[in-house]
Amino acid sequence: MEIASWNVNSIKARLDHVKNWLEKRGPDILLLQELKGVDFPTETFRALGYESVAVTQKAYNGVAIVSRFPVKSVSQSLDGLGVDTHARFLEVIIKDLRVVNIYLPNGNPIGTEKFEYKLDWMDRLRVQMERWLTSEIATVVGGDFNVIPEDIDCHKPASWIGDALFQPEPRERYRGLLELGYIDAFRSLHPSEKGQFTFWDYFRQAFEHNRGIRIDHFLLSPGLSSRLKSCVIDKIPRRLPKPSDHTPIVLTLD
DNA sequence: ATGTCAGAGGCACTCTGA
């Protein structure tokens, strides 16, 4: 079972990239983030052999799951006080797995209500993830977490010091999810590999210099550890003309 | 502060978010 995650920074602008990549890599499931529009090209994916579920909003955010296997929709928003008006969460059941796609709030700039929203969102995510641990179904939470977990996950910590993605509060919350027992699939298989990133700024040839950050993650419930086969970052789409600023991460489970 | 890209509104170009 191959599950991929890709923040595409507009599905409309990136549809050819996504189609070509699906045809080439052929994962069973693809989690998409930052669709940036209300129209989702369901028919395009159906023609490629994938069914899809999407939660969208005008101009911003938006997440979708496309799958070769039947998808049973469970929830389109994170539980908690108040209604989340942002399209950032999608929980489905595919085969024997709970598959959760998240686009965690960016939170910049720090010291604003945007940063508070990010922390609140992470607290609510934690509550859900604790709940899932008590269920019989194994859980994969994937997507754009907008968190740089450790110093090793960025090219130069000093240049991210004032950024919401690198603040102690979100990083502590991310570590808290690991303390619950969830496994960071990529880091567990590559414990000390440096320079492994999923996002590079469009500015100043960041990709060419590998000045990036690792913010797209797969967290696995503990029972999946024995099924974890590989987790790799596919940098090829980031080299194409007009790329997303993120590149896909691909998880393989037995 | 800068750098680049995408969408929205509305038809030139600024604004927002990332």
# chains A, B, ... in the order shown; residues from 1 in each chain; ligands from 1

$ residues_around --residues "DG7 in chain B" --least-positions-apart "4" --cutoff "9 Å" --atoms "only C-alpha atoms (C1' of nucleotides)" --output "count of residues only"
6

$ interface_residues --of "chain B" --to "chain A" --cutoff "8 Å" --atoms "only C-alpha atoms (C1' of nucleotides)" --output "list in words"
DG3, DT4, DC5, DA6, DG7, DA8 and DA18 of chain B

$ write_last_selection --atoms "C-alpha atoms (C1' of nucleotides)" --output "PDB file, in the first residue's frame"
ATOM      1  C1'  DG B   3      12.649  37.435  -2.492  1.00  0.00           C
ATOM      2  C1'  DT B   4       8.245  34.430  -5.848  1.00  0.00           C
ATOM      3  C1'  DC B   5       3.944  32.581  -6.882  1.00  0.00           C
ATOM      4  C1'  DA B   6      -1.334  31.997  -7.064  1.00  0.00           C
ATOM      5  C1'  DG B   7      -6.095  33.676  -6.533  1.00  0.00           C
ATOM      6  C1'  DA B   8      -9.486  37.466  -6.338  1.00  0.00           C
ATOM      7  C1'  DA B  18       2.094  31.475   1.961  1.00  0.00           C
TER       8       DA B  18
END

$ residues_around --residues "Val8 in chain A" --least-positions-apart "5" --cutoff "8 Å" --atoms "only C-alpha atoms (C1' of nucleotides)" --output "PyMOL selection string"
chain A and resi 14+32-35+244-247

$ select_by_dssp --residues "range 11-232 of chain A" --states "alpha helix (DSSP H)" --output "PyMOL selection string"
chain A and resi 11-25+42-47+113-133+168-179+185-189

$ residues_around --residues "range 194-199 of chain A" --least-positions-apart "2" --cutoff "12 Å" --atoms "only C-alpha atoms (C1' of nucleotides)" --output "PyMOL selection string"
(chain A and resi 5-9+143-156+165+186-187+190-192+201-203+206-207+209-218+231-238+243-250) or (chain B and resi 18)

$ select_by_dssp --residues "range 57-157 of chain A" --states "strand (DSSP E)" --output "count of residues only"
30

$ atom_distance --atom1 "CA of Val38 in chain A" --atom2 "CA of Lys114 in chain A"
22.6 Å

$ decode --residues "range 126-139 of chain A" --atoms "all heavy atoms" --output "short mmCIF file (atom, residue, chain, number, x, y, z; two decimals), in the first residue's frame"
data_model
loop_
_atom_site.label_atom_id
_atom_site.label_comp_id
_atom_site.auth_asym_id
_atom_site.auth_seq_id
_atom_site.Cartn_x
_atom_site.Cartn_y
_atom_site.Cartn_z
N ARG A 126 -4.54 17.01 18.59
CA ARG A 126 -4.04 16.07 19.60
C ARG A 126 -5.18 15.28 20.23
O ARG A 126 -5.08 14.06 20.43
CB ARG A 126 -3.26 16.82 20.68
CG ARG A 126 -2.66 15.87 21.69
CD ARG A 126 -2.20 16.57 22.96
NE ARG A 126 -1.99 15.59 24.01
CZ ARG A 126 -0.81 15.04 24.29
NH1 ARG A 126 0.25 15.37 23.60
NH2 ARG A 126 -0.71 14.13 25.26
N VAL A 127 -6.26 15.98 20.55
CA VAL A 127 -7.42 15.31 21.15
C VAL A 127 -7.93 14.20 20.22
O VAL A 127 -8.20 13.08 20.65
CB VAL A 127 -8.55 16.34 21.46
CG1 VAL A 127 -9.83 15.63 21.87
CG2 VAL A 127 -8.10 17.31 22.55
N GLN A 128 -8.05 14.53 18.94
CA GLN A 128 -8.49 13.53 17.96
C GLN A 128 -7.52 12.36 17.88
O GLN A 128 -7.92 11.20 17.84
CB GLN A 128 -8.60 14.16 16.57
CG GLN A 128 -9.83 15.00 16.34
CD GLN A 128 -11.07 14.13 16.20
OE1 GLN A 128 -11.05 12.93 16.47
NE2 GLN A 128 -12.18 14.75 15.81
N MET A 129 -6.23 12.68 17.85
CA MET A 129 -5.23 11.63 17.67
C MET A 129 -5.17 10.71 18.89
O MET A 129 -4.92 9.51 18.75
CB MET A 129 -3.87 12.24 17.32
CG MET A 129 -3.89 12.79 15.89
SD MET A 129 -2.36 13.61 15.34
CE MET A 129 -1.24 12.23 15.18
N GLU A 130 -5.42 11.27 20.07
CA GLU A 130 -5.52 10.43 21.27
C GLU A 130 -6.71 9.48 21.15
O GLU A 130 -6.62 8.30 21.49
CB GLU A 130 -5.69 11.31 22.52
CG GLU A 130 -4.40 11.87 23.05
CD GLU A 130 -4.61 12.63 24.36
OE1 GLU A 130 -5.06 13.79 24.32
OE2 GLU A 130 -4.31 12.05 25.42
N ARG A 131 -7.82 10.02 20.68
CA ARG A 131 -9.04 9.22 20.52
C ARG A 131 -8.81 8.06 19.55
O ARG A 131 -9.23 6.93 19.79
CB ARG A 131 -10.15 10.14 19.98
CG ARG A 131 -11.48 10.01 20.70
CD ARG A 131 -12.46 11.04 20.17
NE ARG A 131 -12.53 12.22 21.02
CZ ARG A 131 -12.97 13.41 20.60
NH1 ARG A 131 -13.31 13.60 19.33
NH2 ARG A 131 -13.05 14.42 21.44
N TRP A 132 -8.14 8.36 18.44
CA TRP A 132 -7.92 7.31 17.42
C TRP A 132 -7.07 6.17 17.98
O TRP A 132 -7.20 5.03 17.53
CB TRP A 132 -7.25 7.93 16.19
CG TRP A 132 -8.17 8.85 15.43
CD1 TRP A 132 -9.52 8.78 15.33
CD2 TRP A 132 -7.77 10.01 14.67
NE1 TRP A 132 -10.00 9.81 14.57
CE2 TRP A 132 -8.96 10.58 14.15
CE3 TRP A 132 -6.55 10.61 14.37
CZ2 TRP A 132 -8.96 11.72 13.34
CZ3 TRP A 132 -6.54 11.75 13.57
CH2 TRP A 132 -7.73 12.29 13.07
N LEU A 133 -6.20 6.49 18.95
CA LEU A 133 -5.35 5.42 19.51
C LEU A 133 -6.18 4.37 20.24
O LEU A 133 -5.74 3.24 20.40
CB LEU A 133 -4.33 6.02 20.49
CG LEU A 133 -3.19 6.82 19.86
CD1 LEU A 133 -2.29 7.38 20.94
CD2 LEU A 133 -2.40 5.98 18.87
N THR A 134 -7.37 4.75 20.70
CA THR A 134 -8.21 3.80 21.43
C THR A 134 -9.10 2.99 20.47
O THR A 134 -9.82 2.10 20.91
CB THR A 134 -9.12 4.54 22.43
OG1 THR A 134 -10.06 5.36 21.70
CG2 THR A 134 -8.32 5.41 23.38
N SER A 135 -9.04 3.31 19.18
CA SER A 135 -9.88 2.57 18.23
C SER A 135 -9.13 1.37 17.67
O SER A 135 -7.90 1.28 17.76
CB SER A 135 -10.34 3.49 17.10
OG SER A 135 -9.56 3.31 15.94
N GLU A 136 -9.86 0.46 17.09
CA GLU A 136 -9.29 -0.78 16.55
C GLU A 136 -8.55 -0.53 15.24
O GLU A 136 -7.69 -1.30 14.85
CB GLU A 136 -10.43 -1.77 16.25
CG GLU A 136 -11.33 -2.05 17.44
CD GLU A 136 -11.03 -3.41 18.06
OE1 GLU A 136 -11.03 -4.39 17.32
OE2 GLU A 136 -10.78 -3.44 19.28
N ILE A 137 -8.93 0.57 14.58
CA ILE A 137 -8.42 0.82 13.23
C ILE A 137 -7.08 1.56 13.28
O ILE A 137 -6.94 2.57 13.98
CB ILE A 137 -9.44 1.66 12.42
CG1 ILE A 137 -10.83 1.01 12.49
CG2 ILE A 137 -8.99 1.84 10.98
CD1 ILE A 137 -11.93 1.91 11.98
N ALA A 138 -6.11 1.05 12.54
CA ALA A 138 -4.81 1.72 12.44
C ALA A 138 -4.98 3.05 11.72
O ALA A 138 -5.81 3.18 10.81
CB ALA A 138 -3.83 0.83 11.70
N THR A 139 -4.18 4.05 12.14
CA THR A 139 -4.37 5.41 11.65
C THR A 139 -3.11 5.96 11.00
O THR A 139 -2.02 5.84 11.56
CB THR A 139 -4.80 6.33 12.81
OG1 THR A 139 -6.03 5.86 13.36
CG2 THR A 139 -4.98 7.77 12.34
#
